[in-house]
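**Student:** My questions all concern the structure below.
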Protein chains: 2
Amino acid sequence: MQPRVDFISLGVRSVEASRAFYVDGLGWPVHREVPGEVVFIQANHGLILSLWDAGQMQAEAGVDAPGTVPCITLSHNVGGTDDVDRVLAEAAAAGATITGEPVTQPWGGYTGYFADPDGFRWEVAYNPTWAVADDGAVTV
Amino acid sequence: MQPRVDFISLGVRSVEASRAFYVDGLGWPVHREVPGEVVFIQANHGLILSLWDAGQMQAEAGVDAPGTVPCITLSHNVGGTDDVDRVLAEAAAAGATITGEPVTQPWGGYTGYFADPDGFRWEVAYNPTWAVADDGAVTV
């Protein structure tokens, strides 16, 4: 597993309130959005800051009770479904807990989740609409 | 305030346990470390993943009670102390709560903290040993 973070997703109580702060207030650019569900902000080259409905995040990332782990995920994107399986196995071998076995998501991707020793969630994701180069550079 | 994240700091219960997972287990490279306090991992170009003692983080980032906000900070580095003051003022004007007025830190930097609408902490930092170009690129 390469040392890369491609997405930072903040689980927010209100996507509208969070959007009002980051987009309307700070003037940050929206890359794509689904109103009321998620706003993707294009941050540094290759890094996306995602403002994501906390309930949806908790359901997808395998959080049993809100508040028990931070409402944030760090995403690591790879180039294919086999890579998702491989990286999750590497993380498990290093001591991670698999909190979400890889599945095909409604949006077409293939993702799984693991928790590090403190419970911080990492998403390992293959997104067929993204390109991941051999050196790990991600092109949206 | 530019849409940039330069540091991701995870507040961890045990720096040793977290290091054993990320460095020994996953093989990620240590950029610099203070044993038992913090480990800096060089991630994507320009991005540092920091494994930081949760107690130290909570003290510095203005968390009153552990568990009330996620033990994670997103850092935004700028080129001078005036820039720290300016960016914090921009964030406040956009609706942020200033949780830590800017101060000179023991390590020589000048940093302040704000909370977004959900309480996620952003550190705005000037580090005299880092270079920040006009386009926001950070060189460690």
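In the structure tokens, chains take the letters A, B, ... in the order shown, each chain's residues start at 1, and ligands count up from 1 in the order shown.
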Any chance you could fit chain B onto chain A with least squares, all Cα atoms in order, and share the moved copy as a PDB file with C-alpha atoms, in the first residue's frame?

**Tutor:**
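The new file superposed-v7.pdb reads:
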ATOM      1  CA  MET B   1       0.003   0.006   0.017  1.00  0.00           C
ATOM      2  CA  GLN B   2       1.574   3.252  -1.134  1.00  0.00           C
ATOM      3  CA  PRO B   3       1.634   6.191   1.308  1.00  0.00           C
ATOM      4  CA  ARG B   4      -1.096   8.184  -0.411  1.00  0.00           C
ATOM      5  CA  VAL B   5      -4.295  10.019   0.541  1.00  0.00           C
ATOM      6  CA  ASP B   6      -6.530  10.903  -2.405  1.00  0.00           C
ATOM      7  CA  PHE B   7      -9.760  11.938  -0.690  1.00  0.00           C
ATOM      8  CA  ILE B   8     -10.473  13.448   2.700  1.00  0.00           C
ATOM      9  CA  SER B   9     -14.149  13.046   3.557  1.00  0.00           C
ATOM     10  CA  LEU B  10     -15.605  14.984   6.453  1.00  0.00           C
ATOM     11  CA  GLY B  11     -18.848  13.558   7.814  1.00  0.00           C
ATOM     12  CA  VAL B  12     -21.009  16.645   8.282  1.00  0.00           C
ATOM     13  CA  ARG B  13     -24.307  17.144  10.083  1.00  0.00           C
ATOM     14  CA  SER B  14     -25.628  19.432   7.352  1.00  0.00           C
ATOM     15  CA  VAL B  15     -24.220  19.393   3.848  1.00  0.00           C
ATOM     16  CA  GLU B  16     -25.907  22.761   3.215  1.00  0.00           C
ATOM     17  CA  ALA B  17     -24.315  24.400   6.271  1.00  0.00           C
ATOM     18  CA  SER B  18     -20.924  22.962   5.434  1.00  0.00           C
ATOM     19  CA  ARG B  19     -21.235  24.086   1.811  1.00  0.00           C
ATOM     20  CA  ALA B  20     -22.191  27.584   2.967  1.00  0.00           C
ATOM     21  CA  PHE B  21     -18.944  27.762   4.932  1.00  0.00           C
ATOM     22  CA  TYR B  22     -16.452  26.248   2.474  1.00  0.00           C
ATOM     23  CA  VAL B  23     -17.939  27.259  -0.866  1.00  0.00           C
ATOM     24  CA  ASP B  24     -19.928  30.423  -0.231  1.00  0.00           C
ATOM     25  CA  GLY B  25     -17.775  31.645   2.667  1.00  0.00           C
ATOM     26  CA  LEU B  26     -14.239  30.676   1.712  1.00  0.00           C
ATOM     27  CA  GLY B  27     -14.871  30.600  -2.020  1.00  0.00           C
ATOM     28  CA  TRP B  28     -13.534  27.106  -2.600  1.00  0.00           C
ATOM     29  CA  PRO B  29     -14.338  25.480  -5.964  1.00  0.00           C
ATOM     30  CA  VAL B  30     -16.943  22.722  -6.283  1.00  0.00           C
ATOM     31  CA  HIS B  31     -15.719  19.860  -8.428  1.00  0.00           C
ATOM     32  CA  ARG B  32     -19.014  17.989  -8.380  1.00  0.00           C
ATOM     33  CA  GLU B  33     -21.947  17.663  -5.982  1.00  0.00           C
ATOM     34  CA  VAL B  34     -25.146  15.823  -5.176  1.00  0.00           C
ATOM     35  CA  PRO B  35     -27.287  18.391  -3.345  1.00  0.00           C
ATOM     36  CA  GLY B  36     -27.950  17.456   0.259  1.00  0.00           C
ATOM     37  CA  GLU B  37     -25.689  14.402   0.054  1.00  0.00           C
ATOM     38  CA  VAL B  38     -22.132  15.334  -0.846  1.00  0.00           C
ATOM     39  CA  VAL B  39     -19.976  18.190  -2.158  1.00  0.00           C
ATOM     40  CA  PHE B  40     -16.558  17.461  -3.677  1.00  0.00           C
ATOM     41  CA  ILE B  41     -14.079  20.331  -3.489  1.00  0.00           C
ATOM     42  CA  GLN B  42     -10.974  20.283  -5.649  1.00  0.00           C
ATOM     43  CA  ALA B  43      -8.105  20.944  -3.240  1.00  0.00           C
ATOM     44  CA  ASN B  44      -4.378  20.507  -3.874  1.00  0.00           C
ATOM     45  CA  HIS B  45      -3.511  18.727  -7.102  1.00  0.00           C
ATOM     46  CA  GLY B  46      -4.835  15.207  -6.798  1.00  0.00           C
ATOM     47  CA  LEU B  47      -6.557  15.788  -3.468  1.00  0.00           C
ATOM     48  CA  ILE B  48     -10.321  16.090  -3.030  1.00  0.00           C
ATOM     49  CA  LEU B  49     -12.012  17.392   0.124  1.00  0.00           C
ATOM     50  CA  SER B  50     -15.448  15.850   0.399  1.00  0.00           C
ATOM     51  CA  LEU B  51     -18.270  17.207   2.574  1.00  0.00           C
ATOM     52  CA  TRP B  52     -20.422  14.146   3.047  1.00  0.00           C
ATOM     53  CA  ASP B  53     -23.647  13.566   4.934  1.00  0.00           C
ATOM     54  CA  ALA B  54     -22.541  11.966   8.209  1.00  0.00           C
ATOM     55  CA  GLY B  55     -25.321   9.399   8.209  1.00  0.00           C
ATOM     56  CA  GLN B  56     -24.414   8.167   4.743  1.00  0.00           C
ATOM     57  CA  MET B  57     -20.739   8.020   5.688  1.00  0.00           C
ATOM     58  CA  GLN B  58     -21.404   6.063   8.869  1.00  0.00           C
ATOM     59  CA  ALA B  59     -23.520   3.563   6.953  1.00  0.00           C
ATOM     60  CA  GLU B  60     -20.902   3.034   4.242  1.00  0.00           C
ATOM     61  CA  ALA B  61     -17.791   3.044   6.428  1.00  0.00           C
ATOM     62  CA  GLY B  62     -19.110   0.569   8.971  1.00  0.00           C
ATOM     63  CA  VAL B  63     -19.604   2.753  12.013  1.00  0.00           C
ATOM     64  CA  ASP B  64     -21.911   1.068  14.493  1.00  0.00           C
ATOM     65  CA  ALA B  65     -22.805   4.056  16.641  1.00  0.00           C
ATOM     66  CA  PRO B  66     -22.360   7.710  15.678  1.00  0.00           C
ATOM     67  CA  GLY B  67     -19.709   9.356  17.804  1.00  0.00           C
ATOM     68  CA  THR B  68     -17.737   6.203  18.485  1.00  0.00           C
ATOM     69  CA  VAL B  69     -15.209   6.947  15.766  1.00  0.00           C
ATOM     70  CA  PRO B  70     -14.344  10.231  14.051  1.00  0.00           C
ATOM     71  CA  CYS B  71     -16.664  11.128  11.190  1.00  0.00           C
ATOM     72  CA  ILE B  72     -13.851  11.291   8.714  1.00  0.00           C
ATOM     73  CA  THR B  73     -12.394   8.903   6.175  1.00  0.00           C
ATOM     74  CA  LEU B  74      -9.097   8.976   4.313  1.00  0.00           C
ATOM     75  CA  SER B  75      -9.324   7.454   0.873  1.00  0.00           C
ATOM     76  CA  HIS B  76      -6.676   5.606  -1.055  1.00  0.00           C
ATOM     77  CA  ASN B  77      -7.520   5.123  -4.715  1.00  0.00           C
ATOM     78  CA  VAL B  78      -6.148   2.305  -6.821  1.00  0.00           C
ATOM     79  CA  GLY B  79      -6.347   1.235 -10.447  1.00  0.00           C
ATOM     80  CA  GLY B  80      -8.529  -1.867 -10.334  1.00  0.00           C
ATOM     81  CA  THR B  81     -10.708  -4.163  -8.251  1.00  0.00           C
ATOM     82  CA  ASP B  82      -7.836  -6.625  -7.730  1.00  0.00           C
ATOM     83  CA  ASP B  83      -5.813  -3.785  -6.247  1.00  0.00           C
ATOM     84  CA  VAL B  84      -8.581  -3.058  -3.746  1.00  0.00           C
ATOM     85  CA  ASP B  85      -8.522  -6.664  -2.557  1.00  0.00           C
ATOM     86  CA  ARG B  86      -4.710  -6.692  -2.420  1.00  0.00           C
ATOM     87  CA  VAL B  87      -4.395  -3.438  -0.447  1.00  0.00           C
ATOM     88  CA  LEU B  88      -7.039  -4.515   2.069  1.00  0.00           C
ATOM     89  CA  ALA B  89      -5.144  -7.775   2.566  1.00  0.00           C
ATOM     90  CA  GLU B  90      -1.913  -5.832   3.112  1.00  0.00           C
ATOM     91  CA  ALA B  91      -3.623  -3.616   5.681  1.00  0.00           C
ATOM     92  CA  ALA B  92      -5.087  -6.612   7.483  1.00  0.00           C
ATOM     93  CA  ALA B  93      -1.663  -8.280   7.536  1.00  0.00           C
ATOM     94  CA  ALA B  94      -0.274  -5.109   9.118  1.00  0.00           C
ATOM     95  CA  GLY B  95      -2.875  -5.273  11.874  1.00  0.00           C
ATOM     96  CA  ALA B  96      -5.877  -3.363  10.511  1.00  0.00           C
ATOM     97  CA  THR B  97      -9.467  -4.390  11.151  1.00  0.00           C
ATOM     98  CA  ILE B  98     -11.531  -4.783   7.990  1.00  0.00           C
ATOM     99  CA  THR B  99     -14.715  -2.805   8.733  1.00  0.00           C
ATOM    100  CA  GLY B 100     -16.239  -3.117   5.285  1.00  0.00           C
ATOM    101  CA  GLU B 101     -15.562  -6.016   2.938  1.00  0.00           C
ATOM    102  CA  PRO B 102     -15.129  -4.731  -0.607  1.00  0.00           C
ATOM    103  CA  VAL B 103     -18.358  -4.368  -2.534  1.00  0.00           C
ATOM    104  CA  THR B 104     -19.507  -2.771  -5.763  1.00  0.00           C
ATOM    105  CA  GLN B 105     -21.105   0.534  -4.789  1.00  0.00           C
ATOM    106  CA  PRO B 106     -24.288   1.940  -6.365  1.00  0.00           C
ATOM    107  CA  TRP B 107     -22.148   4.619  -8.073  1.00  0.00           C
ATOM    108  CA  GLY B 108     -20.132   1.982  -9.925  1.00  0.00           C
ATOM    109  CA  GLY B 109     -16.990   1.829  -7.845  1.00  0.00           C
ATOM    110  CA  TYR B 110     -15.560  -1.043  -5.838  1.00  0.00           C
ATOM    111  CA  THR B 111     -14.554  -0.110  -2.315  1.00  0.00           C
ATOM    112  CA  GLY B 112     -13.690  -1.575   1.042  1.00  0.00           C
ATOM    113  CA  TYR B 113     -12.829  -0.084   4.414  1.00  0.00           C
ATOM    114  CA  PHE B 114     -10.334  -0.794   7.138  1.00  0.00           C
ATOM    115  CA  ALA B 115      -9.768   0.739  10.577  1.00  0.00           C
ATOM    116  CA  ASP B 116      -6.304   1.619  11.838  1.00  0.00           C
ATOM    117  CA  PRO B 117      -5.324   0.988  15.486  1.00  0.00           C
ATOM    118  CA  ASP B 118      -7.343   4.049  16.640  1.00  0.00           C
ATOM    119  CA  GLY B 119     -10.373   3.306  14.494  1.00  0.00           C
ATOM    120  CA  PHE B 120      -9.634   5.902  11.805  1.00  0.00           C
ATOM    121  CA  ARG B 121     -11.330   4.698   8.657  1.00  0.00           C
ATOM    122  CA  TRP B 122      -9.468   4.269   5.374  1.00  0.00           C
ATOM    123  CA  GLU B 123     -11.443   3.652   2.217  1.00  0.00           C
ATOM    124  CA  VAL B 124      -9.639   1.671  -0.475  1.00  0.00           C
ATOM    125  CA  ALA B 125     -11.364   2.482  -3.726  1.00  0.00           C
ATOM    126  CA  TYR B 126     -11.402   1.666  -7.380  1.00  0.00           C
ATOM    127  CA  ASN B 127     -13.371   4.237  -9.340  1.00  0.00           C
ATOM    128  CA  PRO B 128     -13.736   3.320 -13.024  1.00  0.00           C
ATOM    129  CA  THR B 129     -14.118   7.002 -13.933  1.00  0.00           C
ATOM    130  CA  TRP B 130     -10.751   7.905 -12.336  1.00  0.00           C
ATOM    131  CA  ALA B 131      -7.316   7.132 -13.689  1.00  0.00           C
ATOM    132  CA  VAL B 132      -4.539   6.084 -11.300  1.00  0.00           C
ATOM    133  CA  ALA B 133      -1.043   6.069 -12.811  1.00  0.00           C
ATOM    134  CA  ASP B 134       1.674   3.614 -11.800  1.00  0.00           C
ATOM    135  CA  ASP B 135       3.250   6.289  -9.601  1.00  0.00           C
ATOM    136  CA  GLY B 136      -0.055   6.757  -7.787  1.00  0.00           C
ATOM    137  CA  ALA B 137      -1.007  10.069  -9.381  1.00  0.00           C
ATOM    138  CA  VAL B 138      -4.789  10.368  -9.611  1.00  0.00           C
ATOM    139  CA  THR B 139      -6.550  12.093 -12.484  1.00  0.00           C
ATOM    140  CA  VAL B 140     -10.230  12.918 -11.996  1.00  0.00           C
TER     141      VAL B 140
END
